[in-house]
Number of protein chains: 2
Amino acid sequence: MGPFVRDFENGSKDEKDLLGGKGANLAEMTRLGIPVPPGFTITTEACRQFLATATVPDGLWDEVDEHVAALEARTGRRLGDPTDPLLVSVRSGAKFSMPGMMETVLDIGLGDASVEGLARQTGNPRFAWDSYRRLLQMYGKTVLDLDGDRFEDAIDAAKRAKGVTADVDLDADDLRALVATFQQVIEEGSGTPFPQDPHAQLRGAIQAVFGSWNSDRAILYRRRERIPADLGTAVNVQVMAFGNRGAGSGSGVAFTRDPATGAPGVYGDYLEDAQGEDVVAGIRNTLTLADLERIDKTSYDELLAIMSRLEGHYRDMCDIEFTIEQGRLWMLQTRVGKRTAQAAFRIAVDLLDEGVISEEEALLRVTGDQLAQLMFPHFDPDGARALVARGMSASPGAAVGVAVFDSDAAVRVAAEGTPVILVRRETTPDDLHGMVAAAGILTSRGGKTSHAAVVARGMGRTCVCGAETLEVDTRAGQFSTPDGTVVREGDTLSIDGSTGEVFLGEVAVRPSPVVRYFEGTMSVDEGGPLVAAVDRLMGVADKHRRMQVRANADNAADAARARRFGAEGIGLCRTEHMFLGERRELVERLILAEGEEERQVVFDELLPLQRADFVEIFEAMDGLPVTVRLLDPPLHEFLPDFTELSVKVAVAEATGREHDTDSLLLLAVHRLHEENPMLGLRGVRLGIAIPGLFEMQSQAILEAAAIVAERGGHARPEIMVPLVGAVEELSTIRAEIDDAAHRAREKHAVHLEHLVGTMIELPRAALTAGDIAQAADFFSFGTNDLTQTTWGFSRDDVESSFFSRYMEAGILGVSPFETIDRQGVGRLVRIGTDEGRRTKPGLKVGVCGEHGGDPESVHYFEERGLDYVSCSPFRVPVARLEAGRAVVASG
Amino acid sequence: MGPFVRDFENGSKDEKDLLGGKGANLAEMTRLGIPVPPGFTITTEACRQFLATATVPDGLWDEVDEHVAALEARTGRRLGDPTDPLLVSVRSGAKFSMPGMMETVLDIGLGDASVEGLARQTGNPRFAWDSYRRLLQMYGKTVLDLDGDRFEDAIDAAKRAKGVTADVDLDADDLRALVATFQQVIEEGSGTPFPQDPHAQLRGAIQAVFGSWNSDRAILYRRRERIPADLGTAVNVQVMAFGNRGAGSGSGVAFTRDPATGAPGVYGDYLEDAQGEDVVAGIRNTLTLADLERIDKTSYDELLAIMSRLEGHYRDMCDIEFTIEQGRLWMLQTRVGKRTAQAAFRIAVDLLDEGVISEEEALLRVTGDQLAQLMFPHFDPDGARALVARGMSASPGAAVGVAVFDSDAAVRVAAEGTPVILVRRETTPDDLHGMVAAAGILTSRGGKTSHAAVVARGMGRTCVCGAETLEVDTRAGQFSTPDGTVVREGDTLSIDGSTGEVFLGEVAVRPSPVVRYFEGTMSVDEGGPLVAAVDRLMGVADKHRRMQVRANADNAADAARARRFGAEGIGLCRTEHMFLGERRELVERLILAEGEEERQVVFDELLPLQRADFVEIFEAMDGLPVTVRLLDPPLHEFLPDFTELSVKVAVAEATGREHDTDSLLLLAVHRLHEENPMLGLRGVRLGIAIPGLFEMQSQAILEAAAIVAERGGHARPEIMVPLVGAVEELSTIRAEIDDAAHRAREKHAVHLEHLVGTMIELPRAALTAGDIAQAADFFSFGTNDLTQTTWGFSRDDVESSFFSRYMEAGILGVSPFETIDRQGVGRLVRIGTDEGRRTKPGLKVGVCGEHGGDPESVHYFEERGLDYVSCSPFRVPVARLEAGRAVVASG
């Protein structure tokens with residue numbers, strides 16, 4: 001066995017590093033004795049050497065020649081034989097699938113002489129000349145890098161000359177003429193004739209596949225998908241099997257279970273007299289596997305036996321490609337099949353029930369992202385649906401609204417209470433206000449990293465992007481579809497962000513049965529196989545889970561909901577809303593107060609109101625911990641916007657209609673105005689700058705806890721100080737809190753537990769966590785703010801301005817606001833956790849940023865040994881599932 | 001020797017930890033055989049145990065009693081002896097001097113019986129009764145914590161009754177009556193009579209000194225001065241020496257050299273028939289040491305011999321306190337003397353020349369802060385000066401302007417071109433605009449951490465704060481002084497921020513001779529001893545210095561100046577100004593440009609203008625490296641302010657006078673508006689979002705370098721990319737720069753070196769420095785921005801809003817924007833440096849934040865092994881001095 005080539009007999013599915021995905025699975029099937037056209041794989045190692053040195057490694061061609069000779073011996077045919085030529089395909093196959101990125105050349109081995117032999121041998125001259133035509137075209141484009149249009153133009157000319165429109169209307173003679181034209185195109189374009197030597201063809205094709213690893217589009221794809229750049233691709237050389245040799249031949253794709261629903265039973269498409277490419281291209285209507293049973297029972301039975309065997313062997317649902325050449329079945333590919341979220345749950349639980357996989361394996365077969373998808377509302381599958389376009393599923397959800405073509409109008413219409421679908425060719429930062437106002441966003445250009453897609457995902461808006469068949473005319477306020485449908489401003493649209501579908505009119509939206517199950521409004525029995533599967537796997541996840549899952553909830557209603565979703569406490573209860581509404585007037589008085597006494601009057605009014613709020617929350621979470629964050633936002637957020645108020649006052653003055661209150665207020669707003677409020681007077685700084693504020697809040701919290709205790713309940717308050725950067729800040733505030741606790745205990749004479757902790761949301765807090773832990777009972781990583789300061793990104797500003805550009809350029813693979821940035825922010829989480837616990841071994845550490853509900857981030861927090869994650873109530877099941885998966889995955 | 005007490009015979013100046021500063025030096029003098037009144041020191045260890053347990057450590061009183069007995073044996077007198085009593089003083093003495101913070105009790109040992117003995121023994125009843133009166137007063141206040149006013153009121157009443165005004169007019173009988181009154185005050189206030197037992201007095205005094213370590217003011221002082229809270233104080237018990245025993249007695253303070261100028265020769269004050277306290281209090285005019293020579297040649301000669309011996313022994317200028325009791329000289333204290341900046345330089349060089357200290361020691365005797373003080377302009381010492389007040393030296397410099405009493409007026413007056421001194425009782429964040437407009441700031445309240453002081457230092461404004469004798473009436477627009485002088489708005493004031501002096505009228509300002517020397521406009525010979533000393537020590541510093549010192553300079557004039565100040569390159573050349581002035585119109589076109597072509601037109605116009613700028617800078621720095629930072633600030637900084645423009649447009653619309661240009665501009669400003677511009681679209685993000693921008697700048701830089709090379713010069717451009725957070729950003733831009741370099745080399749056919757590096761100014765950049773180093777030839781820590789993001793502080797916003805509060809509360813000891821925060825920001829500097837060099841061992845690492853010119857920070861950068869610091873041209877000498885000192889200090 002040489003160093004660079006392995007025939008399919010020597011390899012297994014576990015060698016994807018060396019053989020690529022396709023090669024490894026072909027070897028696996030060969031090893032299992034499943035009929036696979038013979039062939040061999042050139043390893044990724046050969047590719048890596050080629051890429052590093054820009055030359056083919058010494059000895060590679062000798063090895064290839066040896067293996068070709070072996071193929072010739074086995075098949076009894078020879079490459080280039082003028083009577084009965086051996087034809088081979090050359091296909092790329094990297095470790096990770098990179099669909100459409102890399103190259104393929106089929107029908108290698110044909111030449112001016114052997115094409116005649118193939119025609120005679122098969123008795124099908126049209127098939128032979130069409131194969132030759134295909135080889136020339138693929139070779140010209142792929143190996144010689146010629147412009148593909150020149151070949152397409154020649155085909156069009158031939159059809160025009162004959163007065164036909166379809167390729168199939170060209171007969172053998174037409175194709176023979178086309179071959180001559182193609183050879184001319186190649187000679188003119190490349191300077192040399194098409195190589196008649198099949199070995200030269202083969203070498204050219206192999207080098208072309210190697211080189212395609214570093215094509216611009218492949219590099220960009222890898223950068224976006226975070227696939228390492230130095231893996232290289234394997235190359236599979238395989239004897240051609242022809243599904244297009246007339247009746248008794250055909251090609252198909254199949255799944256061992258339904259990839260849409262996960263229901264048991266095979267599922268597939270079959271096309272007679274066709275190559276695999278034709279099935280996928282959808283040029284003719286395909287048949288079902290049931291049809292195949294009717295047409296060719298022998299092959300059908302053999303196929304089903306193989307599929308059953310593969311599923312058992314891979315212990316998972318598989319997809320396969322197969323070809324029947326004159327009644328003989330050949331398997332061309334297999335792999336663990338892609339599936340919908342619904343199917344993933346169903347299949348995992350079915351395989352578990354069938355005893356094929358363990359409970360732990362079943363858990364690893366589903367993901368939090370899939371569960372999240374199942375929780376979005378979706379369009380009623382039975383409702384009337386008029387599909388007008390299909391784009392990319394950029395941000396999930398189901399949105400219905402009237403079409404609006406510019407952002408100002410979107411804001412206006414939405415303000416009237418009408419839901420809006422904002423339709424744009426593409427969005428720019430100027431559209432931000434329109435995107436905020438819209439229920440959904442639809443664009444005709446741009447991919448999953450376009451501005452629209454990135455911003456919509458960031459905001460949680462439903463979005464379909466890149467619906468390229470739409471002709472959007474924003475000036476005229478309309479778009480048209482290829483079939484002439486015109487949608488005008490005000491027409492109703494329904495867009496499905498999970499499938500990329502765009503429907504005309506209103507499609508009924510159904511709440512997710514999975515959510516109804518979590519909510520308790522649908523039982524497992526009522527929910528069918530999907531809900532049963534979710535129920536089963538949630539149980540498995542909870543059993544293995546080490547981390548607690550809490551929810552971010554600011555009021556009793558959200559807290560109760562979170563509890564139904566399985567939250568084991570509140571990880572973040574913001575108190576901002578307790579200063580809003582009718583209490584805003586009190587905040588204005590607080591800001592305008594002169595001296596401690598005036599401020600105290602305001603505090604005395606706020607105290608009972610906030611105490612009542614906390615009583616409700618503690619009662620909703622009776623017995624579970626509730627982490628309350630003291631006031632965080634800068635005070636001017638409670639006042640009117642600086643620019644708006646400036647304009648109002650100036651215009652009033654200019655037109656002689658001054659209001660004293662506005663002018664007074666403007667003074668205060670001006671005083672509190674900050675260039676960078678995120679980095680200004682907020683969080684613990686407020687607590688220190690406004691003596692009494694945090695004390696009042698702490699008093700309200702602790703008296704509420706005492707009241708709940710008096711009523712026989714059990715409140716477990718954990719008071720959290722935001723934006724701490726130095727232990728001195730925390731210890732200063734901690735003294736106030738402990739005083740308030742002491743007073744509450746004395747006043748109510750009940751037993752009260754309370755903890756005092758801090759957010760770790762500034763780099764300095766993480767870097768000095770060893771000191772800060774001295775004054776803290778717990779840490780909660782505020783990963784949103786920590787990401788903002790670690791990267792120097794203001795989320796509001798950057799997501800809409802340059803994040804899409806960063807993603808397109810591959811500088812960011814995923815937004816660090818969605819998934820924790822392990823190297824930067826994650827390193828601070830590690831430092832903060834480890835050094836905090838070094839000071840105080842029992843320190844409770846959690847996370848309450850949005851990352852607490854992000855699957856990949858949850859795994860990171862499990863690795864770091866955090867005690868809990870906290871996320872929005874809706875993400876609690878996702879976090880539970882992933883926290884369980886993380887334990888199993890790391891075990 | 002017991003564990004808690006050491007007599008003066010057993011100790012040395014190197015035991016300050018255990019004996020405190022005063023005790024260690026008393027022991028040292030005793031050991032040297034210098035006449036010191038005998039006594040002993042109770043160690044800091046005893047104090048620490050007392051503070052920890054709130055009781056006197058077991059055995060302490062026994063030890064004290066033993067040592068007192070030894071004193072009695074040596075002096076032949078006994079504590080409380082009714083005929084010839086021994087009297088002792090009890091003084092605190094911590095490791096670090098805490099002036100005025102801690103307690104002292106004198107004359108311990110007097111009682112109703114022994115006072116009569118003292119009167120007889122000394123033949124001076126008035127002296128005896130006055131001593132007793134003093135003991136009662138100090139004991140009442142210090143040990144019994146009684147209100148001092150009650151004693152002062154009694155003295156006033158006695159004087160009123162007798163019809164006199166001065167204490168000295170009270171005779172022995174009056175004082176005897178006062179003693180009776182004081183005893184009554186004590187018994188009423190404390191509930192028990194004054195203890196007649198001298199041992200009880202002694203124990204009470206010792207405990208009072210221990211306890212004073214944790215007085216509120218001492219705690220606050222330590223927190224501000226960053227003195228550890230757990231050191232504790234020592235207590236010195238010493239036989240009283242009386243300088244107030246009539247003719248032949250007296251007390252004095254003296255320096256072994258002039259502490260103001262450093263000139264050789266003793267310097268001091270002497271007061272006949274007085275205690276040390278009286279000399280310091282300045283109640284009578286003091287005599288000089290020359291007078292003492294005349295009065296008591298023997299004591300004078302002995303004193304000079306001792307001073308000479310002390311200076312030789314301490315190898316530095318010393319200050320001393322002495323008392324002559326009836327012709328016998330006693331030394332009461334010595335220590336290395338405080339001195340002015342000028343004296344520090346002169347003394348260090350003189351001692352070096354005298355062979356007393358080495359070159360390295362001389363360098364350690366001066367500081368960068370002292371050098372910086374010598375570089376400020378100062379008031380002409382010979383000019384007319386009318387001192388009206390004295391406050392705290394809050395921010396150095398000499399400022400002259402008209403008094404203005406509110407901030408709006410300050411802005412208005414300054415806008416007319418008249419320099420302003422803003423006078424306020426205290427400043428608040430509302431005064432920020434006035435402080436920016438003013439040449440100097442004067443307040444009557446608040447200390448060195450008050451709002452005025454903190455903000456003025458941050459802005460580099462001259463400030464005198466806490467001039468408490470001024471009655472400021474902002475409403476009336478005037479202030480008055482105790483002598484009735486009234487200064488009104490518009491009157492001219494001169495304030496000296498280095499001395500805290502406030503003068504009426506204009507005092508002539510003189511440039512610093514040290515600056516003139518650095519500038520080259522004054523030779524060493526012309527400059528006198530001070531300039532000679534600076535010159536000498538700069539040479540020593542440069543000889544030992546390891547780090548390079550560069551300057552931050554944006555144009556040729558600043559660059560040339562920096563070079564004269566000793567800069568070895570430009571560490572930060574900002575390019576913002578190259579987009580300002582007449583080029584602002586081009587930037588507006590750039591911002592409004594649609595598409596790449598329109599932008600390129602603007603770039604083509606900007607290129608030659610910027611190239612010419614760079615040619616000038618490179619020529620000024622011929623042969624030295626110039627680090628050019630590509631454009632950093634957000635684009636909207638080149639446009640009008642959002643709020644102002646909104647107001648302008650709205651008012652114009654409301655009054656029917658719309659301007660289309662303004663409205664168009666407002667759209668652009670609105671589009672570019674950011675909530676937190678510091679964390680928005682700036683730095684490398686601009687370079688990526690606006691293709692061509694950084695390429696144009698790089699082209700201008702490299703073509704300029706080529707032009708300089710063609711003219712025979714040697715430009716060494718180092719191109720620096722700002723705000724990088726991920727290596728992908730840097731490598732993207734690096735490719736553009738390297739392209740531009742390639743083109744410049746081809747176009748000009750000259751040899752060109754260039755480096756490409758990055759600012760490390762985001763936490764993530766430091767945390768991923770190992771990756772970023774792959775694409776960087778150098779790192780430059782931007783410690784201003786790094787401090788902002790690490791702490792989450794927007795400097796503009798927080799320094800004026802809550803920094804002063806943080807400093808008063810001791811949460812911050814010093815602003816992290818002035819001195820590097822070692823634990824937080826400094827840790828990132830360490831991580832970034834070490835991990836960058838792990839990837840690329842030769843990586844050049846510097847710092848270009850303001851910390852590059854801060855003495856303490858320079859030491860930190862030396863510890864971290866940085867290659868250079870870069871600071872403002874004016875700070876270059878300071879950085880050179882400190883970089884040299886840092887090497888010597890760490891060696």
# chains A, B, ... in the order shown; residues from 1 in each chain; ligands from 1

$ select_by_dssp --residues "region 408-555 of chain A" --states "strand (DSSP E or B)" --output "PyMOL selection string"
chain A and resi 420-424+440-443+462-465+471-473+478-480+486-488+492-496+501-504+509-510+548-552

$ residues_around --residues "region 620-625 of chain B" --least-positions-apart "4" --cutoff "8 Å" --atoms "only C-alpha atoms" --output "PyMOL selection string"
chain B and resi 556-557+559-560+563+568-571+616+713-718

$ write_last_selection --atoms "C-alpha atoms" --output "PDB file, in the first residue's frame"
ATOM      1  CA  ALA B 556       6.640  68.139  11.613  1.00  0.00           C
ATOM      2  CA  ALA B 557       6.868  70.983  14.133  1.00  0.00           C
ATOM      3  CA  ALA B 559       8.160  66.025  15.782  1.00  0.00           C
ATOM      4  CA  ALA B 560      11.137  68.380  15.625  1.00  0.00           C
ATOM      5  CA  ARG B 563      13.479  65.251  18.859  1.00  0.00           C
ATOM      6  CA  GLU B 568      14.144  58.531  19.621  1.00  0.00           C
ATOM      7  CA  GLY B 569      11.253  58.257  17.221  1.00  0.00           C
ATOM      8  CA  ILE B 570       7.540  58.937  16.883  1.00  0.00           C
ATOM      9  CA  GLY B 571       5.480  56.324  18.679  1.00  0.00           C
ATOM     10  CA  GLU B 616       7.496  66.755   6.138  1.00  0.00           C
ATOM     11  CA  GLY B 713      16.981  60.836   3.480  1.00  0.00           C
ATOM     12  CA  HIS B 714      15.992  57.800   5.473  1.00  0.00           C
ATOM     13  CA  ALA B 715      12.340  57.390   6.388  1.00  0.00           C
ATOM     14  CA  ARG B 716      11.392  54.487   8.645  1.00  0.00           C
ATOM     15  CA  PRO B 717       7.612  54.184   8.459  1.00  0.00           C
ATOM     16  CA  GLU B 718       5.791  51.856  10.841  1.00  0.00           C
TER      17      GLU B 718
END

$ select_by_dssp --residues "region 300-510 of chain A" --states "helix (DSSP H, G or I)" --output "MDAnalysis selection string"
chainID A and resid 300:314 341:353 359:364 368:375 407:415 429:437 451:459

$ residues_around --residues "region 95-107 of chain B" --least-positions-apart "5" --cutoff "8 Å" --atoms "only C-alpha atoms" --output "number ranges by chain"
B: 16-21, 87-90, 131-132, 134-135, 138-139, 142, 205, 208-209, 212-213, 217-218, 221, 227, 231, 233, 240

$ closest_residue --among "A:His636, A:Arg120, A:Arg629, A:Lys648" --to "Gly683 (chain A)" --atoms "only C-alpha atoms"
A:Arg629

$ interface_residues --of "chain A" --to "chain B" --cutoff "7 Å" --atoms "only C-alpha atoms" --output "PyMOL selection string"
chain A and resi 430+643+646-647+650-651+654+671+674-681+689+725+728-729+762-764+767-768+789-794+797-798+802+805+811+823-824

$ closest_residue --among "A:Met331, A:Ala73, A:Leu292, A:Val5" --to "Gly33 (chain A)" --atoms "only C-alpha atoms"
A:Met331

$ closest_residue --among "A:Val514, A:Met392, A:Val628, A:Leu580" --to "Phe565 (chain A)" --atoms "only C-alpha atoms"
A:Val514

$ atom_distance --atom1 "CA of Phe638 (chain A)" --atom2 "CA of Glu585 (chain A)"
9.3 Å

$ atom_distance --atom1 "CA of Asp269 (chain B)" --atom2 "CA of Pro38 (chain B)"
24.3 Å

$ residues_around --residues "region 316-318 of chain A" --least-positions-apart "3" --cutoff "9 Å" --atoms "only C-alpha atoms" --output "list in words"
Ala254, Phe255, Thr256, Arg257, Asp258, Pro259, Gly262, Met307, Leu310, Glu311, Gly312, His313, Thr334, Arg335, Val336, Gly337, Lys338, Arg339, Ile347, Ala348, Leu351, Val356 and Ile357 of chain A

$ write_last_selection --atoms "C-alpha atoms" --output "JSON list (two decimals), in the first residue's frame"
[["chain", "number", "residue", "atom", "x", "y", "z"],
["A", 254, "ALA", "CA", -33.24, 7.38, -0.75],
["A", 255, "PHE", "CA", -33.49, 7.73, 3.04],
["A", 256, "THR", "CA", -33.89, 4.90, 5.50],
["A", 257, "ARG", "CA", -36.59, 6.92, 7.30],
["A", 258, "ASP", "CA", -38.65, 9.97, 6.38],
["A", 259, "PRO", "CA", -36.23, 12.90, 6.73],
["A", 262, "GLY", "CA", -38.81, 10.99, 11.08],
["A", 307, "MET", "CA", -30.57, 0.22, 3.36],
["A", 310, "LEU", "CA", -26.65, 0.45, 6.47],
["A", 311, "GLU", "CA", -29.00, 1.88, 9.07],
["A", 312, "GLY", "CA", -28.13, -0.91, 11.43],
["A", 313, "HIS", "CA", -24.47, -0.46, 10.74],
["A", 334, "THR", "CA", -24.07, 6.81, 1.73],
["A", 335, "ARG", "CA", -23.90, 8.94, 4.81],
["A", 336, "VAL", "CA", -25.84, 9.75, 7.94],
["A", 337, "GLY", "CA", -28.76, 11.67, 6.50],
["A", 338, "LYS", "CA", -29.73, 15.26, 7.06],
["A", 339, "ARG", "CA", -33.14, 15.70, 8.64],
["A", 347, "ILE", "CA", -35.72, 9.23, 14.92],
["A", 348, "ALA", "CA", -33.60, 9.52, 18.04],
["A", 351, "LEU", "CA", -33.85, 4.24, 17.59],
["A", 356, "VAL", "CA", -30.26, 0.52, 18.51],
["A", 357, "ILE", "CA", -28.81, 3.36, 20.53]]

$ residues_around --residues "Val68 (chain A)" --least-positions-apart "4" --cutoff "12 Å" --atoms "only C-alpha atoms" --output "PyMOL selection string"
chain A and resi 5-7+38-42+61-64+72-80+86-88+109+198-199+202-203+237-239

$ residues_around --residues "Val56 (chain B)" --least-positions-apart "2" --cutoff "10 Å" --atoms "only C-alpha atoms" --output "ChimeraX atom specification"
/B:46-54,58-61,203,206-207,210

$ residues_around --residues "region 444-455 of chain A" --least-positions-apart "4" --cutoff "9 Å" --atoms "only C-alpha atoms" --output "number ranges by chain"
A: 391-395, 423-429, 432, 435, 459-461, 463-472, 799-808, 815

$ closest_atom_pairs --of "region 430-536 of chain B" --to "region 364-373 of chain B" --cutoff "10 Å" --atoms "only C-alpha atoms" --output "Markdown table"
| residue | atom | partner | partner_atom | distance |
| --- | --- | --- | --- | --- |
| B:Ser498 | CA | B:Gln373 | CA | 7.4 |
| B:Ser512 | CA | B:Gln373 | CA | 9.4 |
| B:Val514 | CA | B:Leu371 | CA | 8.6 |
| B:Val515 | CA | B:Ala372 | CA | 9.8 |
| B:Val534 | CA | B:Leu371 | CA | 8.1 |

$ write_last_selection --atoms "N, CA, C and O atoms" --output "PDB file, in the first residue's frame"
ATOM      1  N   SER B 498       1.290  74.961  41.524  1.00  0.00           N
ATOM      2  CA  SER B 498       2.342  74.146  42.137  1.00  0.00           C
ATOM      3  C   SER B 498       2.537  74.485  43.605  1.00  0.00           C
ATOM      4  O   SER B 498       3.046  73.673  44.374  1.00  0.00           O
ATOM      5  N   SER B 512      10.141  77.955  32.085  1.00  0.00           N
ATOM      6  CA  SER B 512      11.067  77.205  32.919  1.00  0.00           C
ATOM      7  C   SER B 512      12.452  77.178  32.279  1.00  0.00           C
ATOM      8  O   SER B 512      12.585  76.901  31.086  1.00  0.00           O
ATOM      9  N   VAL B 514      14.549  74.960  32.718  1.00  0.00           N
ATOM     10  CA  VAL B 514      14.799  73.560  32.346  1.00  0.00           C
ATOM     11  C   VAL B 514      14.257  73.294  30.943  1.00  0.00           C
ATOM     12  O   VAL B 514      14.898  72.621  30.122  1.00  0.00           O
ATOM     13  N   VAL B 515      13.084  73.864  30.649  1.00  0.00           N
ATOM     14  CA  VAL B 515      12.532  73.691  29.302  1.00  0.00           C
ATOM     15  C   VAL B 515      13.422  74.417  28.293  1.00  0.00           C
ATOM     16  O   VAL B 515      13.711  73.887  27.212  1.00  0.00           O
ATOM     17  N   VAL B 534      20.171  68.969  36.327  1.00  0.00           N
ATOM     18  CA  VAL B 534      19.252  68.242  35.441  1.00  0.00           C
ATOM     19  C   VAL B 534      20.050  67.596  34.316  1.00  0.00           C
ATOM     20  O   VAL B 534      19.884  66.412  33.991  1.00  0.00           O
TER      21      VAL B 534
END
